[in-house]
$ cat protein-v3.cif   # mmCIF, C-alpha atoms
data_final
#
loop_
_atom_site.label_atom_id
_atom_site.label_comp_id
_atom_site.auth_asym_id
_atom_site.auth_seq_id
_atom_site.Cartn_x
_atom_site.Cartn_y
_atom_site.Cartn_z
CA MET A 1 0.00 0.00 0.00
CA THR A 2 1.36 3.42 -0.99
CA VAL A 3 1.58 5.84 1.94
CA VAL A 4 2.82 8.91 0.07
CA SER A 5 2.74 9.56 -3.67
CA LEU A 6 4.25 12.54 -5.49
CA ARG A 7 3.27 13.01 -9.12
CA ASP A 8 5.10 15.40 -11.47
CA VAL A 9 5.85 17.66 -8.51
CA ALA A 10 7.63 20.93 -9.24
CA ARG A 11 8.56 23.70 -6.80
CA GLN A 12 9.73 27.08 -7.96
CA HIS A 13 11.01 29.88 -5.72
CA GLY A 14 11.19 32.98 -7.91
CA GLU A 15 13.64 32.09 -10.65
CA VAL A 16 14.95 29.04 -8.80
CA HIS A 17 13.49 25.66 -9.78
CA ALA A 18 14.04 23.58 -6.62
CA LEU A 19 12.21 20.55 -8.05
CA LYS A 20 11.32 19.85 -11.67
CA GLY A 21 8.60 17.26 -12.22
CA VAL A 22 9.56 14.66 -9.60
CA SER A 23 7.44 11.52 -9.19
CA LEU A 24 8.00 9.19 -6.23
CA ASP A 25 5.96 6.62 -4.29
CA VAL A 26 6.84 5.30 -0.85
CA ALA A 27 4.94 2.25 0.37
CA ARG A 28 4.22 0.81 3.81
CA GLY A 29 7.28 -0.98 5.13
CA GLU A 30 9.62 0.84 2.77
CA LEU A 31 12.58 3.02 3.69
CA VAL A 32 13.70 5.30 0.87
CA ALA A 33 16.93 7.27 1.24
CA VAL A 34 17.31 10.51 -0.69
CA MET A 35 20.85 11.58 -1.57
CA GLY A 36 22.41 14.27 -3.72
CA PRO A 37 24.59 17.38 -3.57
CA SER A 38 23.62 20.51 -1.66
CA GLY A 39 20.95 22.45 -3.54
CA SER A 40 19.65 19.38 -5.38
CA GLY A 41 16.16 19.66 -3.82
CA LYS A 42 16.33 17.04 -1.05
CA SER A 43 14.82 19.13 1.75
CA THR A 44 12.26 20.62 -0.63
CA LEU A 45 11.17 17.09 -1.53
CA LEU A 46 10.69 16.22 2.15
CA ASN A 47 8.73 19.41 2.86
CA LEU A 48 6.39 18.72 -0.05
CA ALA A 49 5.97 15.04 0.87
CA GLY A 50 4.82 16.01 4.35
CA GLY A 51 2.59 18.92 3.39
CA LEU A 52 4.83 21.59 4.92
CA ASP A 53 5.08 23.27 1.54
CA ARG A 54 2.83 23.37 -1.52
CA PRO A 55 4.06 22.35 -4.96
CA THR A 56 4.02 24.89 -7.76
CA SER A 57 2.55 22.11 -9.88
CA GLY A 58 1.86 18.41 -9.53
CA SER A 59 0.17 16.52 -6.69
CA VAL A 60 1.02 15.04 -3.30
CA VAL A 61 -1.21 12.29 -1.85
CA ILE A 62 -0.85 10.88 1.68
CA GLU A 63 -2.83 7.70 2.39
CA GLY A 64 -5.25 8.50 -0.40
CA ALA A 65 -5.79 12.13 0.58
CA ASP A 66 -4.75 14.71 -2.01
CA LEU A 67 -3.15 17.45 0.10
CA ALA A 68 -4.49 20.14 -2.24
CA ALA A 69 -8.02 19.19 -1.13
CA VAL A 70 -7.38 18.67 2.60
CA LYS A 71 -9.01 21.40 4.70
CA ASP A 72 -7.19 20.75 8.00
CA LEU A 73 -3.69 20.01 6.80
CA ALA A 74 -2.15 20.58 10.24
CA ALA A 75 -4.32 17.85 11.78
CA LEU A 76 -3.43 15.40 9.02
CA ARG A 77 0.26 16.11 9.55
CA ARG A 78 0.01 15.59 13.31
CA ARG A 79 -1.81 12.29 12.93
CA SER A 80 0.02 10.78 9.99
CA VAL A 81 3.45 12.38 9.61
CA GLY A 82 6.47 12.43 11.91
CA TYR A 83 9.25 14.92 11.11
CA VAL A 84 12.89 15.25 12.07
CA PHE A 85 13.96 18.67 10.81
CA GLN A 86 17.53 19.77 10.14
CA ASP A 87 17.11 22.67 12.57
CA LEU A 88 15.12 20.40 14.98
CA ASN A 89 12.41 23.03 15.76
CA LEU A 90 12.29 22.30 19.49
CA ILE A 91 10.33 24.83 21.57
CA PRO A 92 12.80 26.49 24.01
CA SER A 93 10.22 27.06 26.76
CA LEU A 94 9.20 23.37 26.92
CA THR A 95 11.14 20.50 28.46
CA ALA A 96 12.26 17.59 26.31
CA ALA A 97 9.26 15.51 27.39
CA GLU A 98 6.86 18.42 26.78
CA ASN A 99 8.28 18.93 23.28
CA VAL A 100 7.71 15.27 22.48
CA MET A 101 4.20 15.11 23.93
CA LEU A 102 2.92 18.40 22.44
CA PRO A 103 1.74 17.02 19.05
CA ARG A 104 -0.21 14.27 20.83
CA GLU A 105 -1.86 16.76 23.19
CA LEU A 106 -2.83 18.95 20.24
CA ASP A 107 -4.58 15.91 18.79
CA GLY A 108 -6.65 15.46 21.95
CA VAL A 109 -4.64 12.78 23.74
CA ARG A 110 -4.92 13.30 27.52
CA ALA A 111 -1.84 14.73 29.18
CA GLY A 112 -1.04 11.64 31.25
CA GLN A 113 -1.08 9.32 28.27
CA ALA A 114 0.85 11.80 26.12
CA ARG A 115 3.55 12.05 28.80
CA GLU A 116 3.81 8.26 29.08
CA GLU A 117 4.24 8.00 25.30
CA ALA A 118 6.80 10.81 25.31
CA GLU A 119 8.88 9.27 28.08
CA ALA A 120 8.78 5.86 26.34
CA ALA A 121 9.92 7.45 23.06
CA LEU A 122 12.75 9.29 24.82
CA GLU A 123 13.88 6.04 26.43
CA GLU A 124 13.73 4.37 23.02
CA VAL A 125 16.21 6.84 21.54
CA GLY A 126 18.49 6.81 24.58
CA ALA A 127 17.42 10.21 25.92
CA GLY A 128 15.22 9.24 28.87
CA GLN A 129 17.55 10.99 31.33
CA VAL A 130 16.92 14.42 29.76
CA ALA A 131 13.10 14.33 29.89
CA GLY A 132 12.89 17.18 32.39
CA ARG A 133 15.53 19.43 30.82
CA PHE A 134 15.03 22.37 28.48
CA PRO A 135 16.60 22.42 24.99
CA GLU A 136 19.21 25.04 25.96
CA GLU A 137 20.47 22.61 28.64
CA LEU A 138 21.07 19.83 26.13
CA SER A 139 23.95 19.01 23.82
CA GLY A 140 23.40 18.99 20.07
CA GLY A 141 23.20 15.21 20.05
CA GLN A 142 20.67 15.17 22.88
CA ARG A 143 18.49 17.74 21.10
CA GLN A 144 18.67 15.60 17.97
CA ARG A 145 17.44 12.55 19.90
CA VAL A 146 14.58 14.54 21.42
CA ALA A 147 13.49 15.63 17.94
CA ILE A 148 13.62 12.02 16.77
CA ALA A 149 11.58 10.88 19.76
CA ARG A 150 8.93 13.49 18.89
CA ALA A 151 8.72 12.09 15.36
CA LEU A 152 8.32 8.51 16.63
CA THR A 153 5.40 9.09 19.02
CA GLY A 154 1.88 8.07 18.07
CA GLU A 155 0.79 5.94 15.15
CA ARG A 156 2.35 7.97 12.37
CA ARG A 157 2.53 6.05 9.11
CA LEU A 158 4.96 8.40 7.36
CA LEU A 159 8.30 9.40 8.89
CA LEU A 160 10.34 12.15 7.22
CA ALA A 161 13.90 12.57 8.44
CA ASP A 162 16.20 15.32 7.16
CA GLU A 163 19.77 14.34 8.15
CA PRO A 164 18.58 12.80 11.47
CA THR A 165 22.09 11.63 12.43
CA GLY A 166 23.86 14.91 11.70
CA ALA A 167 24.74 15.72 15.33
CA LEU A 168 25.22 12.14 16.51
CA ASP A 169 28.25 9.92 16.91
CA THR A 170 28.45 6.79 14.76
CA ALA A 171 27.14 4.37 17.40
CA THR A 172 24.16 6.57 18.28
CA GLY A 173 23.47 7.23 14.59
CA ASP A 174 23.42 3.51 13.93
CA GLY A 175 20.94 3.10 16.78
CA ILE A 176 18.65 5.77 15.33
CA LEU A 177 18.73 4.14 11.88
CA ARG A 178 17.90 0.83 13.54
CA LEU A 179 14.86 2.46 15.17
CA LEU A 180 13.70 3.92 11.85
CA ARG A 181 14.22 0.56 10.19
CA GLU A 182 12.18 -1.17 12.91
CA ARG A 183 9.33 1.33 12.51
CA CYS A 184 9.51 0.75 8.80
CA ASP A 185 9.42 -3.03 9.18
CA ALA A 186 6.36 -2.58 11.44
CA GLY A 187 4.51 -0.86 8.58
CA ALA A 188 5.55 2.78 8.47
CA ALA A 189 6.94 4.46 5.36
CA VAL A 190 10.22 6.32 5.88
CA LEU A 191 11.75 8.99 3.66
CA LEU A 192 15.29 9.75 4.80
CA VAL A 193 17.62 12.49 3.55
CA THR A 194 21.26 11.65 4.22
CA HIS A 195 24.75 12.36 2.96
CA GLU A 196 26.12 9.20 4.57
CA PRO A 197 26.36 6.04 2.42
CA ARG A 198 26.51 3.91 5.57
CA TYR A 199 23.02 5.10 6.53
CA ALA A 200 21.66 4.90 2.99
CA ALA A 201 22.61 1.22 3.13
CA TRP A 202 19.73 0.66 5.58
CA ALA A 203 17.23 1.68 2.90
CA ASP A 204 15.25 -0.39 0.43
CA ARG A 205 15.88 2.19 -2.28
CA VAL A 206 18.23 5.10 -2.74
CA VAL A 207 16.98 8.00 -4.85
CA TYR A 208 19.62 10.40 -6.18
CA LEU A 209 18.54 13.99 -6.79
CA ARG A 210 20.51 16.34 -8.96
CA ASP A 211 19.41 19.81 -10.07
CA GLY A 212 15.83 19.17 -8.94
CA VAL A 213 15.27 15.89 -10.80
CA ILE A 214 15.70 12.22 -9.93
CA ALA A 215 18.94 11.25 -11.64
CA ASP A 216 18.96 7.63 -10.47
CA ALA A 217 17.15 5.18 -8.19
CA THR A 218 18.85 2.06 -6.86
CA ALA A 219 17.58 -0.89 -4.82
CA VAL A 220 19.76 -1.49 -1.77
CA ARG A 221 18.63 -3.51 1.27
CA LEU A 222 22.13 -4.71 2.17
CA GLU A 223 21.55 -7.04 5.10
CA SER A 224 25.25 -6.89 5.92
CA ALA A 225 24.82 -3.23 6.88
CA ARG A 226 22.36 -4.04 9.67
#
$ encode --input "protein-v3.cif" --output "structure tokens"
Amino acid sequence: MTVVSLRDVARQHGEVHALKGVSLDVARGELVAVMGPSGSGKSTLLNLAGGLDRPTSGSVVIEGADLAAVKDLAALRRRSVGYVFQDLNLIPSLTAAENVMLPRELDGVRAGQAREEAEAALEEVGAGQVAGRFPEELSGGQRQRVAIARALTGERRLLLADEPTGALDTATGDGILRLLRERCDAGAAVLLVTHEPRYAAWADRVVYLRDGVIADATAVRLESAR
């Protein structure tokens, strides 16, 4: 079953063509890594796939819903899409646990349950000890893990990760990729932007972007990398 489908998607910012007619499907249980040089359109692709940005032309469909026709896009994103942003987007005035539980509370989950889920997700990414700390009190790697925990909470079927291991050491990065792979194997669809071949090796497919178009797509799934 296809979780997210992009069809002939283009995104233009003034005179800059960030994406030029990209088509891509990501199915349940599939991890797709997106690679390419800086400026090739990787982050733009992720933003469009998750409904954070609108395409100039083309369509984006998440679980059968055409985003152009969705009235409450924010609610759909909270329910269905987990994000790990490059700049993390943690709220400074909230503790790590409160950052992780906020999207669930906004969706009507009671505070007690949301906190339990948040603390479990923080433990899962090896950040349980920082649950009560504020972002400014955390290292870059700890903030990265909090952002990943926030993306993993709830029953999100699409996970979008933009360089999720950028501030992590190799061992922790491997652990995060293992978590994403496990969520994927449990039925989620994962779209991962990375510059690291070692992390792309965890994917089922690697899509190479260059100058806003898909230049190549390669099946991977190297069991030896796991």
$ closest_residue --input "protein-v3.cif" --among "A:Gln142, A:Thr165, A:Thr56, A:Thr2" --to "Gly187 (chain A)" --atoms "all atoms listed in the file"
A:Thr2
$ atom_distance --input "protein-v3.cif" --atom1 "CA of Leu192 (chain A)" --atom2 "CA of Ala114 (chain A)"
25.8 Å
$ residues_near_point --input "protein-v3.cif" --point "(8.1, 25.8, 22.5)" --cutoff "12 Å" --atoms "all atoms listed in the file" --output "list in words"
Leu88, Asn89, Leu90, Ile91, Pro92, Ser93, Leu94, Thr95, Ala96, Ala97, Glu98, Asn99, Val100, Met101, Leu102, Pro103, Phe134, Pro135 and Glu136 of chain A
$ resolve_selection --input "protein-v3.cif" --expression "the PyMOL selection byres ((chain A and resi 150) around 12)" --output "compact mmCIF listing (two decimals) with C-alpha atoms, in the coordinates of the input"
# COMPACT_ATOMS: atom_id res chain seq x y z
CA ARG A 78 0.01 15.59 13.31
CA VAL A 81 3.45 12.38 9.61
CA GLY A 82 6.47 12.43 11.91
CA TYR A 83 9.25 14.92 11.11
CA VAL A 84 12.89 15.25 12.07
CA PHE A 85 13.96 18.67 10.81
CA LEU A 88 15.12 20.40 14.98
CA ASN A 89 12.41 23.03 15.76
CA LEU A 90 12.29 22.30 19.49
CA ILE A 91 10.33 24.83 21.57
CA ALA A 96 12.26 17.59 26.31
CA ALA A 97 9.26 15.51 27.39
CA GLU A 98 6.86 18.42 26.78
CA ASN A 99 8.28 18.93 23.28
CA VAL A 100 7.71 15.27 22.48
CA MET A 101 4.20 15.11 23.93
CA LEU A 102 2.92 18.40 22.44
CA PRO A 103 1.74 17.02 19.05
CA ARG A 104 -0.21 14.27 20.83
CA ALA A 114 0.85 11.80 26.12
CA ARG A 115 3.55 12.05 28.80
CA GLU A 117 4.24 8.00 25.30
CA ALA A 118 6.80 10.81 25.31
CA GLU A 119 8.88 9.27 28.08
CA ALA A 120 8.78 5.86 26.34
CA ALA A 121 9.92 7.45 23.06
CA LEU A 122 12.75 9.29 24.82
CA GLU A 123 13.88 6.04 26.43
CA GLU A 124 13.73 4.37 23.02
CA VAL A 125 16.21 6.84 21.54
CA ALA A 127 17.42 10.21 25.92
CA ALA A 131 13.10 14.33 29.89
CA ARG A 143 18.49 17.74 21.10
CA GLN A 144 18.67 15.60 17.97
CA ARG A 145 17.44 12.55 19.90
CA VAL A 146 14.58 14.54 21.42
CA ALA A 147 13.49 15.63 17.94
CA ILE A 148 13.62 12.02 16.77
CA ALA A 149 11.58 10.88 19.76
CA ALA A 151 8.72 12.09 15.36
CA LEU A 152 8.32 8.51 16.63
CA THR A 153 5.40 9.09 19.02
CA GLY A 154 1.88 8.07 18.07
CA GLU A 155 0.79 5.94 15.15
CA ARG A 156 2.35 7.97 12.37
CA LEU A 159 8.30 9.40 8.89
CA LEU A 160 10.34 12.15 7.22
CA ALA A 161 13.90 12.57 8.44
$ resolve_selection --input "protein-v3.cif" --expression "the PyMOL selection byres ((chain A and resi 4) around 6)" --output "list in words"
Thr2, Val3, Ser5, Asp25, Val26, Val61 and Ile62 of chain A
$ atom_distance --input "protein-v3.cif" --atom1 "CA of Glu116 (chain A)" --atom2 "CA of Gly50 (chain A)"
25.9 Å
$ residues_around --input "protein-v3.cif" --residues "Ala217 (chain A)" --least-positions-apart "2" --cutoff "7 Å" --atoms "all atoms listed in the file" --output "PyMOL selection string"
chain A and resi 205-208+219
